[in-house]
$ cat protein-v2.cif   # mmCIF, C-alpha atoms, pLDDT in the B column; chains and numbers go by the auth columns
data_coords
#
loop_
_atom_site.group_PDB
_atom_site.id
_atom_site.type_symbol
_atom_site.label_atom_id
_atom_site.label_comp_id
_atom_site.label_asym_id
_atom_site.label_seq_id
_atom_site.Cartn_x
_atom_site.Cartn_y
_atom_site.Cartn_z
_atom_site.B_iso_or_equiv
_atom_site.auth_seq_id
_atom_site.auth_asym_id
ATOM 1 C CA MET A 1 -29.982 11.127 -1.273 66.00 1 A
ATOM 2 C CA ILE A 2 -28.598 7.616 -1.343 77.00 2 A
ATOM 3 C CA ASN A 3 -28.830 5.542 1.827 84.00 3 A
ATOM 4 C CA PRO A 4 -25.492 5.415 3.740 82.00 4 A
ATOM 5 C CA ARG A 5 -25.470 1.615 3.644 87.00 5 A
ATOM 6 C CA VAL A 6 -25.852 1.676 -0.119 89.00 6 A
ATOM 7 C CA GLN A 7 -23.000 4.184 -0.337 89.00 7 A
ATOM 8 C CA LEU A 8 -20.774 1.903 1.737 91.00 8 A
ATOM 9 C CA GLY A 9 -21.810 -1.035 -0.433 92.00 9 A
ATOM 10 C CA ILE A 10 -20.794 0.869 -3.539 93.00 10 A
ATOM 11 C CA VAL A 11 -17.459 1.759 -1.927 93.00 11 A
ATOM 12 C CA ALA A 12 -16.930 -1.903 -1.037 94.00 12 A
ATOM 13 C CA VAL A 13 -17.712 -2.974 -4.606 95.00 13 A
ATOM 14 C CA VAL A 14 -15.298 -0.390 -6.033 95.00 14 A
ATOM 15 C CA TYR A 15 -12.481 -1.594 -3.780 96.00 15 A
ATOM 16 C CA ALA A 16 -13.307 -5.232 -4.568 96.00 16 A
ATOM 17 C CA VAL A 17 -13.180 -4.501 -8.307 95.00 17 A
ATOM 18 C CA PHE A 18 -9.782 -2.817 -7.892 94.00 18 A
ATOM 19 C CA GLY A 19 -8.524 -5.813 -5.890 95.00 19 A
ATOM 20 C CA VAL A 20 -9.797 -8.403 -8.356 96.00 20 A
ATOM 21 C CA PHE A 21 -8.407 -6.386 -11.266 95.00 21 A
ATOM 22 C CA LEU A 22 -4.963 -6.294 -9.641 92.00 22 A
ATOM 23 C CA LEU A 23 -5.088 -10.024 -8.879 93.00 23 A
ATOM 24 C CA PHE A 24 -5.928 -10.634 -12.525 93.00 24 A
ATOM 25 C CA ASP A 25 -2.973 -8.428 -13.518 87.00 25 A
ATOM 26 C CA ALA A 26 -0.698 -10.419 -11.225 87.00 26 A
ATOM 27 C CA TRP A 27 -1.944 -13.653 -12.782 88.00 27 A
ATOM 28 C CA ILE A 28 -1.199 -12.308 -16.270 84.00 28 A
ATOM 29 C CA LEU A 29 2.275 -11.163 -15.190 79.00 29 A
ATOM 30 C CA ILE A 30 3.037 -14.558 -13.655 80.00 30 A
ATOM 31 C CA SER A 31 1.874 -16.368 -16.790 80.00 31 A
ATOM 32 C CA LEU A 32 4.006 -14.053 -18.957 75.00 32 A
ATOM 33 C CA ALA A 33 7.041 -14.621 -16.760 73.00 33 A
ATOM 34 C CA GLU A 34 6.640 -18.393 -16.807 74.00 34 A
ATOM 35 C CA SER A 35 5.838 -18.781 -20.488 73.00 35 A
ATOM 36 C CA PRO A 36 8.857 -19.881 -22.530 72.00 36 A
ATOM 37 C CA SER A 37 7.299 -18.463 -25.706 70.00 37 A
ATOM 38 C CA SER A 38 6.706 -14.964 -24.339 65.00 38 A
ATOM 39 C CA SER A 39 8.290 -12.063 -26.157 70.00 39 A
ATOM 40 C CA PRO A 40 11.289 -10.144 -24.800 72.00 40 A
ATOM 41 C CA ILE A 41 8.994 -7.162 -24.225 67.00 41 A
ATOM 42 C CA ALA A 42 6.727 -9.261 -21.987 66.00 42 A
ATOM 43 C CA ARG A 43 9.688 -10.655 -20.048 66.00 43 A
ATOM 44 C CA ASN A 44 11.047 -7.144 -19.574 68.00 44 A
ATOM 45 C CA LEU A 45 7.639 -6.038 -18.273 66.00 45 A
ATOM 46 C CA THR A 46 7.618 -8.799 -15.675 66.00 46 A
ATOM 47 C CA ARG A 47 11.114 -7.783 -14.552 69.00 47 A
ATOM 48 C CA ASN A 48 10.038 -4.166 -14.072 69.00 48 A
ATOM 49 C CA VAL A 49 6.896 -4.976 -12.071 73.00 49 A
ATOM 50 C CA SER A 50 7.124 -6.527 -8.641 78.00 50 A
ATOM 51 C CA ILE A 51 4.531 -9.285 -8.660 80.00 51 A
ATOM 52 C CA PRO A 52 4.480 -9.698 -4.849 85.00 52 A
ATOM 53 C CA TRP A 53 3.827 -5.958 -4.526 87.00 53 A
ATOM 54 C CA VAL A 54 0.885 -6.163 -6.968 87.00 54 A
ATOM 55 C CA VAL A 55 -0.559 -9.105 -5.027 90.00 55 A
ATOM 56 C CA ALA A 56 -0.094 -7.278 -1.702 92.00 56 A
ATOM 57 C CA VAL A 57 -1.879 -4.183 -3.002 92.00 57 A
ATOM 58 C CA ALA A 58 -4.682 -6.367 -4.396 94.00 58 A
ATOM 59 C CA VAL A 59 -5.136 -8.085 -1.028 95.00 59 A
ATOM 60 C CA GLY A 60 -5.103 -4.637 0.602 93.00 60 A
ATOM 61 C CA TYR A 61 -7.934 -3.491 -1.653 95.00 61 A
ATOM 62 C CA LEU A 62 -9.906 -6.641 -0.891 95.00 62 A
ATOM 63 C CA LEU A 63 -9.417 -6.083 2.853 94.00 63 A
ATOM 64 C CA LEU A 64 -10.454 -2.457 2.430 94.00 64 A
ATOM 65 C CA SER A 65 -13.548 -3.710 0.642 94.00 65 A
ATOM 66 C CA GLY A 66 -14.399 -5.885 3.640 93.00 66 A
ATOM 67 C CA LEU A 67 -13.767 -3.009 6.048 92.00 67 A
ATOM 68 C CA SER A 68 -16.002 -0.747 3.976 92.00 68 A
ATOM 69 C CA LEU A 69 -18.785 -3.301 3.969 91.00 69 A
ATOM 70 C CA ALA A 70 -18.604 -3.717 7.752 91.00 70 A
ATOM 71 C CA PHE A 71 -17.942 -0.008 8.365 90.00 71 A
ATOM 72 C CA PRO A 72 -21.029 0.771 10.505 88.00 72 A
ATOM 73 C CA ARG A 73 -20.196 -2.094 12.890 90.00 73 A
ATOM 74 C CA LEU A 74 -16.482 -1.309 13.202 89.00 74 A
ATOM 75 C CA PRO A 75 -15.095 0.296 16.347 90.00 75 A
ATOM 76 C CA ARG A 76 -13.825 3.853 15.925 87.00 76 A
ATOM 77 C CA PRO A 77 -10.081 2.943 15.670 90.00 77 A
ATOM 78 C CA TRP A 78 -10.774 0.519 12.825 90.00 78 A
ATOM 79 C CA ARG A 79 -12.847 3.160 11.061 91.00 79 A
ATOM 80 C CA ILE A 80 -9.910 5.540 11.285 90.00 80 A
ATOM 81 C CA VAL A 81 -7.596 2.819 9.915 91.00 81 A
ATOM 82 C CA ALA A 82 -9.978 2.200 6.999 91.00 82 A
ATOM 83 C CA ILE A 83 -10.132 5.908 6.194 93.00 83 A
ATOM 84 C CA GLY A 84 -6.344 6.225 6.480 93.00 84 A
ATOM 85 C CA VAL A 85 -5.729 3.333 4.101 92.00 85 A
ATOM 86 C CA SER A 86 -8.361 4.706 1.743 94.00 86 A
ATOM 87 C CA LEU A 87 -6.722 8.136 1.789 94.00 87 A
ATOM 88 C CA GLY A 88 -3.335 6.519 1.187 94.00 88 A
ATOM 89 C CA ALA A 89 -4.702 4.744 -1.879 92.00 89 A
ATOM 90 C CA SER A 90 -6.301 7.969 -3.123 94.00 90 A
ATOM 91 C CA ILE A 91 -3.114 9.956 -2.674 95.00 91 A
ATOM 92 C CA SER A 92 -1.118 7.205 -4.354 93.00 92 A
ATOM 93 C CA TYR A 93 -3.379 7.286 -7.398 93.00 93 A
ATOM 94 C CA MET A 94 -3.312 11.104 -7.450 96.00 94 A
ATOM 95 C CA VAL A 95 0.499 11.066 -7.482 96.00 95 A
ATOM 96 C CA GLY A 96 0.427 8.414 -10.198 93.00 96 A
ATOM 97 C CA ALA A 97 -1.989 10.524 -12.244 95.00 97 A
ATOM 98 C CA MET A 98 0.265 13.553 -11.873 96.00 98 A
ATOM 99 C CA ARG A 99 3.317 11.537 -12.916 95.00 99 A
ATOM 100 C CA GLY A 100 1.472 9.976 -15.822 92.00 100 A
ATOM 101 C CA THR A 101 0.195 13.353 -16.969 94.00 101 A
ATOM 102 C CA ALA A 102 3.641 14.935 -16.691 94.00 102 A
ATOM 103 C CA ASP A 103 5.101 12.049 -18.703 92.00 103 A
ATOM 104 C CA THR A 104 2.366 11.584 -21.310 90.00 104 A
ATOM 105 C CA VAL A 105 1.431 15.139 -22.274 90.00 105 A
ATOM 106 C CA PRO A 106 4.892 16.311 -23.428 90.00 106 A
ATOM 107 C CA ARG A 107 5.438 13.082 -25.364 88.00 107 A
ATOM 108 C CA TYR A 108 2.087 13.362 -27.072 88.00 108 A
ATOM 109 C CA LEU A 109 2.517 17.042 -27.886 86.00 109 A
ATOM 110 C CA ALA A 110 5.964 16.305 -29.365 87.00 110 A
ATOM 111 C CA LEU A 111 4.287 14.049 -31.934 84.00 111 A
ATOM 112 C CA GLU A 112 2.558 17.136 -33.389 79.00 112 A
ATOM 113 C CA ARG A 113 -0.767 15.459 -33.934 75.00 113 A
ATOM 114 C CA THR A 114 -3.826 17.405 -34.914 73.00 114 A
ATOM 115 C CA ASP A 115 -6.294 15.473 -32.768 79.00 115 A
ATOM 116 C CA TYR A 116 -6.099 14.988 -29.046 84.00 116 A
ATOM 117 C CA VAL A 117 -8.553 12.121 -28.636 88.00 117 A
ATOM 118 C CA HIS A 118 -5.946 9.567 -27.539 88.00 118 A
ATOM 119 C CA LEU A 119 -4.421 12.004 -25.071 88.00 119 A
ATOM 120 C CA ALA A 120 -7.856 12.748 -23.634 91.00 120 A
ATOM 121 C CA ILE A 121 -8.577 9.037 -23.203 92.00 121 A
ATOM 122 C CA VAL A 122 -5.284 8.463 -21.383 91.00 122 A
ATOM 123 C CA LEU A 123 -5.887 11.448 -19.097 93.00 123 A
ATOM 124 C CA VAL A 124 -9.438 10.308 -18.354 95.00 124 A
ATOM 125 C CA PHE A 125 -8.079 6.936 -17.257 93.00 125 A
ATOM 126 C CA TYR A 126 -5.368 8.477 -15.091 93.00 126 A
ATOM 127 C CA TRP A 127 -7.585 11.009 -13.396 96.00 127 A
ATOM 128 C CA GLY A 128 -10.770 8.918 -13.453 95.00 128 A
ATOM 129 C CA PHE A 129 -9.314 6.200 -11.234 93.00 129 A
ATOM 130 C CA ALA A 130 -7.907 8.825 -8.897 94.00 130 A
ATOM 131 C CA LEU A 131 -11.281 10.583 -8.723 96.00 131 A
ATOM 132 C CA ILE A 132 -13.122 7.327 -8.019 95.00 132 A
ATOM 133 C CA LEU A 133 -10.798 6.547 -5.113 94.00 133 A
ATOM 134 C CA CYS A 134 -11.106 10.097 -3.766 95.00 134 A
ATOM 135 C CA ILE A 135 -14.901 9.796 -3.812 94.00 135 A
ATOM 136 C CA CYS A 136 -14.650 6.478 -1.934 94.00 136 A
ATOM 137 C CA SER A 137 -12.423 8.098 0.698 93.00 137 A
ATOM 138 C CA TYR A 138 -14.856 10.989 1.006 94.00 138 A
ATOM 139 C CA LEU A 139 -17.821 8.656 1.473 92.00 139 A
ATOM 140 C CA LEU A 140 -16.006 6.753 4.234 90.00 140 A
ATOM 141 C CA TRP A 141 -14.996 10.007 5.940 91.00 141 A
ATOM 142 C CA ARG A 142 -18.565 11.261 5.690 88.00 142 A
ATOM 143 C CA GLN A 143 -19.852 8.169 7.496 85.00 143 A
ATOM 144 C CA VAL A 144 -17.527 8.822 10.443 77.00 144 A
ATOM 145 C CA ARG A 145 -18.506 12.473 10.480 71.00 145 A
ATOM 146 C CA ALA A 146 -22.213 11.555 10.438 67.00 146 A
ATOM 147 C CA SER A 147 -21.753 9.077 13.286 63.00 147 A
ATOM 148 C CA ASN A 148 -19.932 11.772 15.311 57.00 148 A
ATOM 149 C CA ASN A 149 -22.843 14.176 14.825 50.00 149 A
ATOM 150 C CA LEU A 150 -25.336 11.540 15.923 49.00 150 A
ATOM 151 C CA SER A 151 -23.400 10.711 19.070 48.00 151 A
ATOM 152 C CA ARG A 152 -23.201 14.380 20.144 47.00 152 A
ATOM 153 C CA ARG A 153 -26.938 15.018 20.027 45.00 153 A
ATOM 154 C CA PRO A 154 -28.722 15.163 23.393 47.00 154 A
#
$ encode --input "protein-v2.cif" --output "structure tokens"
Amino acid sequence: MINPRVQLGIVAVVYAVFGVFLLFDAWILISLAESPSSSPIARNLTRNVSIPWVVAVAVGYLLLSGLSLAFPRLPRPWRIVAIGVSLGASISYMVGAMRGTADTVPRYLALERTDYVHLAIVLVFYWGFALILCICSYLLWRQVRASNNLSRRP
């Protein structure tokens, strides 16, 4: 079994990677919006995506990374907050995966292709990110549960 501190370190790294990835996305969106030579498709993309929202979610993931790293030293209310935010992110990605699946599968099947490799790749991305975040939420919850069991022993 992996040491609980290592598990929390992995969770912190996962959340940090998500945060940095979203900050990089925001930087790309800002550069596309500001570039006079960008295509109409790129400008339309920047209109449809709220850049402040992407930055706020990225900062949230980075804060969640810090909370995960300091999880054993956090007081119980902050642990509950960290788990709640982690569950919120997991549920958000699960809903996004369901929406993406419901949107992508009928479109792909309407193309009447004989291979389903591209569809499988898209579904792995949708559900893989959701699964990773669910595992992170589970590992955080398990740490609280383990600390409760330790505190109840005589």
$ resolve_selection --input "protein-v2.cif" --expression "the PyMOL selection byres ((chain A and resi 87) around 10)" --output "PDB file with C-alpha atoms, in the frame of the given file"
ATOM      1  CA  VAL A  81      -7.596   2.819   9.915  1.00 91.00           C
ATOM      2  CA  ALA A  82      -9.978   2.200   6.999  1.00 91.00           C
ATOM      3  CA  ILE A  83     -10.132   5.908   6.194  1.00 93.00           C
ATOM      4  CA  GLY A  84      -6.344   6.225   6.480  1.00 93.00           C
ATOM      5  CA  VAL A  85      -5.729   3.333   4.101  1.00 92.00           C
ATOM      6  CA  SER A  86      -8.361   4.706   1.743  1.00 94.00           C
ATOM      7  CA  GLY A  88      -3.335   6.519   1.187  1.00 94.00           C
ATOM      8  CA  ALA A  89      -4.702   4.744  -1.879  1.00 92.00           C
ATOM      9  CA  SER A  90      -6.301   7.969  -3.123  1.00 94.00           C
ATOM     10  CA  ILE A  91      -3.114   9.956  -2.674  1.00 95.00           C
ATOM     11  CA  SER A  92      -1.118   7.205  -4.354  1.00 93.00           C
ATOM     12  CA  TYR A  93      -3.379   7.286  -7.398  1.00 93.00           C
ATOM     13  CA  LEU A 133     -10.798   6.547  -5.113  1.00 94.00           C
ATOM     14  CA  CYS A 134     -11.106  10.097  -3.766  1.00 95.00           C
ATOM     15  CA  CYS A 136     -14.650   6.478  -1.934  1.00 94.00           C
ATOM     16  CA  SER A 137     -12.423   8.098   0.698  1.00 93.00           C
ATOM     17  CA  TYR A 138     -14.856  10.989   1.006  1.00 94.00           C
ATOM     18  CA  LEU A 140     -16.006   6.753   4.234  1.00 90.00           C
ATOM     19  CA  TRP A 141     -14.996  10.007   5.940  1.00 91.00           C
TER      20      TRP A 141
END
$ atom_distance --input "protein-v2.cif" --atom1 "atom CA of Leu64 of chain A" --atom2 "atom CA of Arg79 of chain A"
10.6 Å
$ resolve_selection --input "protein-v2.cif" --expression "the PyMOL selection byres ((chain A and resi 11) around 8)" --output "PyMOL selection string"
chain A and resi 7-10+12-15+65+68-69+136+139
$ closest_residue --input "protein-v2.cif" --among "A:Leu63, A:Val105, A:Val144, A:Met98" --to "Tyr126 of chain A" --atoms "all atoms listed in the file"
A:Met98
$ atom_distance --input "protein-v2.cif" --atom1 "atom CA of Ile51 of chain A" --atom2 "atom CA of Phe24 of chain A"
11.2 Å
$ residues_around --input "protein-v2.cif" --residues "Phe125 of chain A" --least-positions-apart "2" --cutoff "12 Å" --atoms "all atoms listed in the file" --output "list in words"
Tyr93, Met94, Gly96, Ala97, Met98, Gly100, Thr101, His118, Leu119, Ala120, Ile121, Val122, Leu123, Trp127, Gly128, Phe129, Ala130, Leu131 and Ile132 of chain A
$ residues_around --input "protein-v2.cif" --residues "Ile30 of chain A" --least-positions-apart "4" --cutoff "9 Å" --atoms "only C-alpha atoms" --output "JSON, numbers by chain"
{"A": [25, 26, 34, 35, 46, 51]}
$ atom_distance --input "protein-v2.cif" --atom1 "atom CA of Pro52 of chain A" --atom2 "atom CA of Gly19 of chain A"
13.6 Å
$ residues_around --input "protein-v2.cif" --residues "Trp53 of chain A" --least-positions-apart "4" --cutoff "12 Å" --atoms "all atoms listed in the file" --output "list in words"
Leu22, Leu23, Asp25, Ala26, Leu29, Asn48, Val49, Val57, Ala58, Val59 and Gly60 of chain A
$ closest_residue --input "protein-v2.cif" --among "A:Arg99, A:Arg5, A:Arg107, A:Arg113" --to "Arg73 of chain A" --atoms "only C-alpha atoms"
A:Arg5
$ build_atoms --input "protein-v2.cif" --residues "segment 118-149 of chain A" --atoms "N, CA and C atoms" --output "PDB file, in the frame of the given file"
ATOM      1  N   HIS A 118      -6.700  10.581 -28.278  1.00 88.00           N
ATOM      2  CA  HIS A 118      -5.946   9.567 -27.539  1.00 88.00           C
ATOM      3  C   HIS A 118      -5.394  10.138 -26.232  1.00 88.00           C
ATOM      4  N   LEU A 119      -4.915  11.356 -26.285  1.00 88.00           N
ATOM      5  CA  LEU A 119      -4.421  12.004 -25.071  1.00 88.00           C
ATOM      6  C   LEU A 119      -5.546  12.186 -24.065  1.00 88.00           C
ATOM      7  N   ALA A 120      -6.713  12.573 -24.533  1.00 91.00           N
ATOM      8  CA  ALA A 120      -7.856  12.748 -23.634  1.00 91.00           C
ATOM      9  C   ALA A 120      -8.256  11.424 -22.987  1.00 91.00           C
ATOM     10  N   ILE A 121      -8.220  10.349 -23.747  1.00 92.00           N
ATOM     11  CA  ILE A 121      -8.577   9.037 -23.203  1.00 92.00           C
ATOM     12  C   ILE A 121      -7.591   8.621 -22.118  1.00 92.00           C
ATOM     13  N   VAL A 122      -6.304   8.815 -22.375  1.00 91.00           N
ATOM     14  CA  VAL A 122      -5.284   8.463 -21.383  1.00 91.00           C
ATOM     15  C   VAL A 122      -5.468   9.294 -20.115  1.00 91.00           C
ATOM     16  N   LEU A 123      -5.709  10.585 -20.272  1.00 93.00           N
ATOM     17  CA  LEU A 123      -5.887  11.448 -19.097  1.00 93.00           C
ATOM     18  C   LEU A 123      -7.159  11.112 -18.323  1.00 93.00           C
ATOM     19  N   VAL A 124      -8.209  10.722 -19.041  1.00 95.00           N
ATOM     20  CA  VAL A 124      -9.438  10.308 -18.354  1.00 95.00           C
ATOM     21  C   VAL A 124      -9.184   9.058 -17.521  1.00 95.00           C
ATOM     22  N   PHE A 125      -8.399   8.123 -18.037  1.00 93.00           N
ATOM     23  CA  PHE A 125      -8.079   6.936 -17.257  1.00 93.00           C
ATOM     24  C   PHE A 125      -7.243   7.289 -16.037  1.00 93.00           C
ATOM     25  N   TYR A 126      -6.205   8.087 -16.236  1.00 93.00           N
ATOM     26  CA  TYR A 126      -5.368   8.477 -15.091  1.00 93.00           C
ATOM     27  C   TYR A 126      -6.199   9.152 -14.003  1.00 93.00           C
ATOM     28  N   TRP A 127      -6.889  10.199 -14.389  1.00 96.00           N
ATOM     29  CA  TRP A 127      -7.585  11.009 -13.396  1.00 96.00           C
ATOM     30  C   TRP A 127      -8.916  10.407 -12.984  1.00 96.00           C
ATOM     31  N   GLY A 128      -9.508   9.564 -13.823  1.00 95.00           N
ATOM     32  CA  GLY A 128     -10.770   8.918 -13.453  1.00 95.00           C
ATOM     33  C   GLY A 128     -10.598   7.948 -12.292  1.00 95.00           C
ATOM     34  N   PHE A 129      -9.563   7.119 -12.347  1.00 93.00           N
ATOM     35  CA  PHE A 129      -9.314   6.200 -11.234  1.00 93.00           C
ATOM     36  C   PHE A 129      -9.003   6.964  -9.954  1.00 93.00           C
ATOM     37  N   ALA A 130      -8.230   8.022 -10.073  1.00 94.00           N
ATOM     38  CA  ALA A 130      -7.907   8.825  -8.897  1.00 94.00           C
ATOM     39  C   ALA A 130      -9.170   9.470  -8.323  1.00 94.00           C
ATOM     40  N   LEU A 131     -10.036   9.966  -9.181  1.00 96.00           N
ATOM     41  CA  LEU A 131     -11.281  10.583  -8.723  1.00 96.00           C
ATOM     42  C   LEU A 131     -12.193   9.561  -8.057  1.00 96.00           C
ATOM     43  N   ILE A 132     -12.283   8.380  -8.615  1.00 95.00           N
ATOM     44  CA  ILE A 132     -13.122   7.327  -8.019  1.00 95.00           C
ATOM     45  C   ILE A 132     -12.632   6.999  -6.610  1.00 95.00           C
ATOM     46  N   LEU A 133     -11.324   6.857  -6.439  1.00 94.00           N
ATOM     47  CA  LEU A 133     -10.798   6.547  -5.113  1.00 94.00           C
ATOM     48  C   LEU A 133     -10.969   7.715  -4.144  1.00 94.00           C
ATOM     49  N   CYS A 134     -10.875   8.934  -4.636  1.00 95.00           N
ATOM     50  CA  CYS A 134     -11.106  10.097  -3.766  1.00 95.00           C
ATOM     51  C   CYS A 134     -12.558  10.153  -3.308  1.00 95.00           C
ATOM     52  N   ILE A 135     -13.486   9.828  -4.193  1.00 94.00           N
ATOM     53  CA  ILE A 135     -14.901   9.796  -3.812  1.00 94.00           C
ATOM     54  C   ILE A 135     -15.142   8.713  -2.772  1.00 94.00           C
ATOM     55  N   CYS A 136     -14.506   7.549  -2.931  1.00 94.00           N
ATOM     56  CA  CYS A 136     -14.650   6.478  -1.934  1.00 94.00           C
ATOM     57  C   CYS A 136     -14.117   6.923  -0.575  1.00 94.00           C
ATOM     58  N   SER A 137     -12.975   7.593  -0.558  1.00 93.00           N
ATOM     59  CA  SER A 137     -12.423   8.098   0.698  1.00 93.00           C
ATOM     60  C   SER A 137     -13.361   9.117   1.328  1.00 93.00           C
ATOM     61  N   TYR A 138     -13.918   9.986   0.501  1.00 94.00           N
ATOM     62  CA  TYR A 138     -14.856  10.989   1.006  1.00 94.00           C
ATOM     63  C   TYR A 138     -16.093  10.335   1.610  1.00 94.00           C
ATOM     64  N   LEU A 139     -16.624   9.318   0.945  1.00 92.00           N
ATOM     65  CA  LEU A 139     -17.821   8.656   1.473  1.00 92.00           C
ATOM     66  C   LEU A 139     -17.538   7.963   2.806  1.00 92.00           C
ATOM     67  N   LEU A 140     -16.364   7.355   2.944  1.00 90.00           N
ATOM     68  CA  LEU A 140     -16.006   6.753   4.234  1.00 90.00           C
ATOM     69  C   LEU A 140     -15.862   7.821   5.311  1.00 90.00           C
ATOM     70  N   TRP A 141     -15.172   8.923   4.976  1.00 91.00           N
ATOM     71  CA  TRP A 141     -14.996  10.007   5.940  1.00 91.00           C
ATOM     72  C   TRP A 141     -16.340  10.585   6.350  1.00 91.00           C
ATOM     73  N   ARG A 142     -17.243  10.703   5.394  1.00 88.00           N
ATOM     74  CA  ARG A 142     -18.565  11.261   5.690  1.00 88.00           C
ATOM     75  C   ARG A 142     -19.350  10.376   6.654  1.00 88.00           C
ATOM     76  N   GLN A 143     -19.156   9.072   6.567  1.00 85.00           N
ATOM     77  CA  GLN A 143     -19.852   8.169   7.496  1.00 85.00           C
ATOM     78  C   GLN A 143     -19.360   8.366   8.928  1.00 85.00           C
ATOM     79  N   VAL A 144     -18.061   8.567   9.094  1.00 77.00           N
ATOM     80  CA  VAL A 144     -17.527   8.822  10.443  1.00 77.00           C
ATOM     81  C   VAL A 144     -18.030  10.156  10.943  1.00 77.00           C
ATOM     82  N   ARG A 145     -18.033  11.147  10.091  1.00 71.00           N
ATOM     83  CA  ARG A 145     -18.506  12.473  10.480  1.00 71.00           C
ATOM     84  C   ARG A 145     -19.979  12.427  10.865  1.00 71.00           C
ATOM     85  N   ALA A 146     -20.788  11.673  10.122  1.00 67.00           N
ATOM     86  CA  ALA A 146     -22.213  11.555  10.438  1.00 67.00           C
ATOM     87  C   ALA A 146     -22.419  10.829  11.752  1.00 67.00           C
ATOM     88  N   SER A 147     -21.601   9.799  12.020  1.00 63.00           N
ATOM     89  CA  SER A 147     -21.753   9.077  13.286  1.00 63.00           C
ATOM     90  C   SER A 147     -21.298   9.942  14.458  1.00 63.00           C
ATOM     91  N   ASN A 148     -20.333  10.839  14.246  1.00 57.00           N
ATOM     92  CA  ASN A 148     -19.932  11.772  15.311  1.00 57.00           C
ATOM     93  C   ASN A 148     -21.050  12.748  15.626  1.00 57.00           C
ATOM     94  N   ASN A 149     -21.739  13.237  14.603  1.00 50.00           N
ATOM     95  CA  ASN A 149     -22.843  14.176  14.825  1.00 50.00           C
ATOM     96  C   ASN A 149     -24.000  13.506  15.535  1.00 50.00           C
TER      97      ASN A 149
END
